[in-house]
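These notes concern the structure reproduced below.
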Amino acid sequence: MIFLTLFSLMTVCVTAGDEESGSVLRLKDVPAAEAFIDSVEVAAIGFFETEAARGFKEFLAAAKQMETLPVALCTEKEVWVKYGIASDTISIFRKADLHQEHLKLSEAKKLDADGLARFMTMNNIHYVTEYNQATAVGLFQSSVKTHLLLMADGGRDHSEPLQQRFRDLAPKYTGKMLFVLVNGREKSNARVLEYFGLKSRDLPRIGVYDGVLDKKWLMAPGEITTEHMQSFCDSFLDGDLQKQKETQTPEDKTEL
């Protein structure tokens, strides 16, 4: 069924372009754009009036670097009106925080493929986003300031069922919490563990970070079940968790 849906989408949305842009979806009308955006957790669309527009070639080059981000092109003005686009723009549509991020190319001082790729990467925020230096920017710029973190040893086979439970729960908290996966084996993530007062031997653990209050709490150690995670999330959203003492660490102001 998924294959047929994607095949149908490509059939109605793609028209032959030049050799360079022919592999990128072309959205011909509002239904095609809606279908494209609805079919994935995160979608990127380049709204260009013509292929001669500033940034067009750079956008195509950046799109080639996006392994996990579906990318499309659109020149149809009815679609522009639908999404409030007035000039050449690269837009990211996200389900996790119900957000649209727009980069107006006329306001960009410098346009290059690597810069556009960075813009798309840091805004590639999914229901569950793997934490790294690029996605950290998008996570902290999101209007959703509460992050639920699963800090786990990504290299251990037994962590996969836990990660799947974490992923299955995430859509329930759309627009309320961003679910973040932190690979404790990565040296670059050591500061995240330190922020929660953890060592790699303590993993896996679940924590919540309140970006408004700049405070964090750890779920009680023990088995991490779907029910325990949901109860932990609900206790935060209901305000009960905030009444408990914050998880203390030697450096409470450490930036993640």
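Residue names in the structure tokens use chain letters A, B, ... in the order shown, residue numbers from 1 in each chain, and ligand numbers from 1 in the order shown.
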
Picked from segment 160-204 of chain A by DSSP as helix (DSSP H, G or I), as a VMD selection string:
chain A and resid 160 to 173 187 to 195 200 to 202

If you take only C-alpha atoms and a cut-off of 10 Å, which residues of segment 28-81 of chain A touch segment 104-109 of chain A, and what are their nearest atom pairs and distances in Å to one decimal, in chain and number order, as CSV?
```
residue,atom,partner,partner_atom,distance
A:Phe47,CA,A:Lys104,CA,9.6
A:Phe48,CA,A:Leu105,CA,9.6
A:Ala53,CA,A:Leu105,CA,9.6
A:Arg54,CA,A:Leu105,CA,7.6
A:Gly55,CA,A:Leu105,CA,7.1
A:Phe56,CA,A:Leu105,CA,9.7
```

Please run DSSP on the backbone and report, as an mmCIF file with C-alpha atoms, in the first residue's frame, all residues within segment 54-247 of chain A that come out as strand (DSSP E or B).
```cif
data_model
loop_
_atom_site.group_PDB
_atom_site.id
_atom_site.type_symbol
_atom_site.label_atom_id
_atom_site.label_comp_id
_atom_site.auth_asym_id
_atom_site.auth_seq_id
_atom_site.Cartn_x
_atom_site.Cartn_y
_atom_site.Cartn_z
ATOM 1 C CA VAL A 71 12.712 17.329 -1.323
ATOM 2 C CA ALA A 72 10.462 18.785 -4.030
ATOM 3 C CA LEU A 73 10.202 21.773 -6.369
ATOM 4 C CA CYS A 74 7.194 23.979 -7.034
ATOM 5 C CA THR A 89 11.650 30.474 -0.799
ATOM 6 C CA ILE A 90 12.876 27.176 0.617
ATOM 7 C CA SER A 91 10.363 25.834 3.121
ATOM 8 C CA ILE A 92 10.482 23.007 5.661
ATOM 9 C CA PHE A 93 7.204 21.431 6.780
ATOM 10 C CA ARG A 94 7.333 19.481 10.065
ATOM 11 C CA HIS A 99 5.910 24.071 12.240
ATOM 12 C CA GLN A 100 6.822 25.610 8.897
ATOM 13 C CA GLU A 101 10.279 27.147 8.524
ATOM 14 C CA HIS A 102 10.767 29.502 5.563
ATOM 15 C CA LEU A 103 14.049 30.750 4.118
ATOM 16 C CA LYS A 104 13.366 33.712 1.826
ATOM 17 C CA VAL A 128 12.128 11.310 17.082
ATOM 18 C CA THR A 129 15.236 13.289 16.217
ATOM 19 C CA GLU A 130 18.738 11.971 16.722
ATOM 20 C CA THR A 146 10.050 20.649 26.112
ATOM 21 C CA HIS A 147 12.327 17.788 25.076
ATOM 22 C CA LEU A 148 11.986 14.170 26.136
ATOM 23 C CA LEU A 149 15.357 12.488 25.816
ATOM 24 C CA LEU A 150 16.139 8.818 25.514
ATOM 25 C CA MET A 151 19.807 8.489 26.356
ATOM 26 C CA ALA A 152 20.895 5.030 25.282
ATOM 27 C CA LEU A 178 10.038 16.893 21.002
ATOM 28 C CA PHE A 179 11.397 13.372 21.377
ATOM 29 C CA VAL A 180 15.193 13.248 21.164
ATOM 30 C CA LEU A 181 17.435 10.204 20.858
ATOM 31 C CA VAL A 182 20.905 10.654 22.335
ATOM 32 C CA ASN A 183 23.515 8.055 21.421
ATOM 33 C CA ARG A 205 17.720 6.590 30.947
ATOM 34 C CA ILE A 206 14.835 8.917 30.150
ATOM 35 C CA GLY A 207 14.961 12.618 30.959
ATOM 36 C CA VAL A 208 12.880 15.690 30.269
ATOM 37 C CA TYR A 209 14.305 19.157 29.608
ATOM 38 C CA ASP A 210 12.228 22.320 30.026
ATOM 39 C CA LYS A 215 15.472 22.711 34.184
ATOM 40 C CA LYS A 216 15.627 18.957 33.792
ATOM 41 C CA TRP A 217 14.287 15.843 35.468
ATOM 42 C CA LEU A 218 15.176 12.174 35.177
#
```

Atom CA of Phe166 of chain A to atom CA of Glu227 of chain A: how many Å, to one decimal?
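Calculated distance between atom CA of Phe166 of chain A and atom CA of Glu227 of chain A is 10.8 Å.
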
For Met177 of chain A, which of A:Leu198, A:Leu162, A:Val144, A:Ala33 is the closest residue, counting only C-alpha atoms?
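Nearest candidate to Met177 of chain A out of A:Leu198, A:Leu162, A:Val144, A:Ala33: A:Val144.
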
Could you name the residues that touch Ala96 of chain A at 6 Å or less, counting only C-alpha atoms, but leaving out those on the same chain fewer than 3 positions away, as a list in words?
His126, Tyr127 and Thr174 of chain A

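Of the residues listed (A:Arg167, A:Lys28, A:Lys110, A:Lys57), A:Lys28 shows the shortest atom-to-atom separation from Glu78 of chain A; distances use only C-alpha atoms.
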
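Atom CA of Lys95 of chain A lies 8.4 Å from atom CA of Val40 of chain A.
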
Find the residues around Ser188 of chain A up to 12 Å (only C-alpha atoms counted), leave out those fewer than 6 positions away in its own chain, and share them as a PyMOL selection string.
chain A and resi 131-134+136+182+194+256

Could you write those residues out with all heavy atoms, as a CSV table (one decimal), in the first residue's frame?
```csv
chain,number,residue,atom,x,y,z
A,131,TYR,N,20.0,13.3,18.2
A,131,TYR,CA,20.7,14.5,18.6
A,131,TYR,C,22.1,14.6,18.0
A,131,TYR,O,22.9,13.6,18.1
A,131,TYR,CB,20.8,14.6,20.1
A,131,TYR,CG,21.4,15.9,20.7
A,131,TYR,CD1,20.6,17.0,21.0
A,131,TYR,CD2,22.8,16.0,20.9
A,131,TYR,CE1,21.2,18.1,21.5
A,131,TYR,CE2,23.4,17.1,21.4
A,131,TYR,CZ,22.6,18.2,21.7
A,131,TYR,OH,23.1,19.4,22.2
A,132,ASN,N,22.5,15.7,17.4
A,132,ASN,CA,23.8,16.0,17.0
A,132,ASN,C,24.0,17.5,16.9
A,132,ASN,O,23.0,18.3,17.2
A,132,ASN,CB,24.2,15.3,15.6
A,132,ASN,CG,23.2,15.7,14.5
A,132,ASN,OD1,22.9,16.8,14.3
A,132,ASN,ND2,22.7,14.7,13.8
A,133,GLN,N,25.1,18.0,16.5
A,133,GLN,CA,25.4,19.4,16.5
A,133,GLN,C,24.5,20.2,15.6
A,133,GLN,O,24.1,21.3,15.8
A,133,GLN,CB,26.9,19.7,16.1
A,133,GLN,CG,27.8,19.3,17.2
A,133,GLN,CD,29.3,19.6,16.9
A,133,GLN,OE1,29.6,19.9,15.7
A,133,GLN,NE2,30.1,19.6,17.9
A,134,ALA,N,24.1,19.6,14.4
A,134,ALA,CA,23.2,20.2,13.5
A,134,ALA,C,21.8,20.2,13.9
A,134,ALA,O,21.1,21.3,14.0
A,134,ALA,CB,23.3,19.5,12.1
A,136,ALA,N,20.7,20.0,16.9
A,136,ALA,CA,20.5,20.7,18.1
A,136,ALA,C,20.0,22.1,17.9
A,136,ALA,O,19.2,22.7,18.6
A,136,ALA,CB,21.8,20.7,18.9
A,182,VAL,N,19.5,10.3,22.1
A,182,VAL,CA,20.9,10.7,22.3
A,182,VAL,C,21.7,9.4,22.4
A,182,VAL,O,21.5,8.5,23.3
A,182,VAL,CB,21.1,11.4,23.7
A,182,VAL,CG1,22.6,11.8,23.9
A,182,VAL,CG2,20.2,12.7,23.6
A,194,GLU,N,26.5,14.5,30.9
A,194,GLU,CA,27.0,15.3,32.1
A,194,GLU,C,25.9,16.2,32.6
A,194,GLU,O,25.8,16.4,33.8
A,194,GLU,CB,28.2,16.1,31.7
A,194,GLU,CG,29.4,15.2,31.4
A,194,GLU,CD,30.6,16.0,30.8
A,194,GLU,OE1,30.5,17.2,30.8
A,194,GLU,OE2,31.6,15.4,30.5
A,256,LEU,N,23.6,22.2,26.3
A,256,LEU,CA,23.6,20.8,25.7
A,256,LEU,C,24.4,20.8,24.4
A,256,LEU,O,24.3,21.8,23.7
A,256,LEU,CB,22.2,20.4,25.5
A,256,LEU,CG,21.3,20.3,26.8
A,256,LEU,CD1,20.0,19.7,26.4
A,256,LEU,CD2,22.0,19.3,27.8
```

With distances taken over only C-alpha atoms, which of A:Pro204, A:Phe236, A:Ala86, A:Glu51 is nearest to Ser159 of chain A?
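Smallest distance to Ser159 of chain A is found for A:Pro204.
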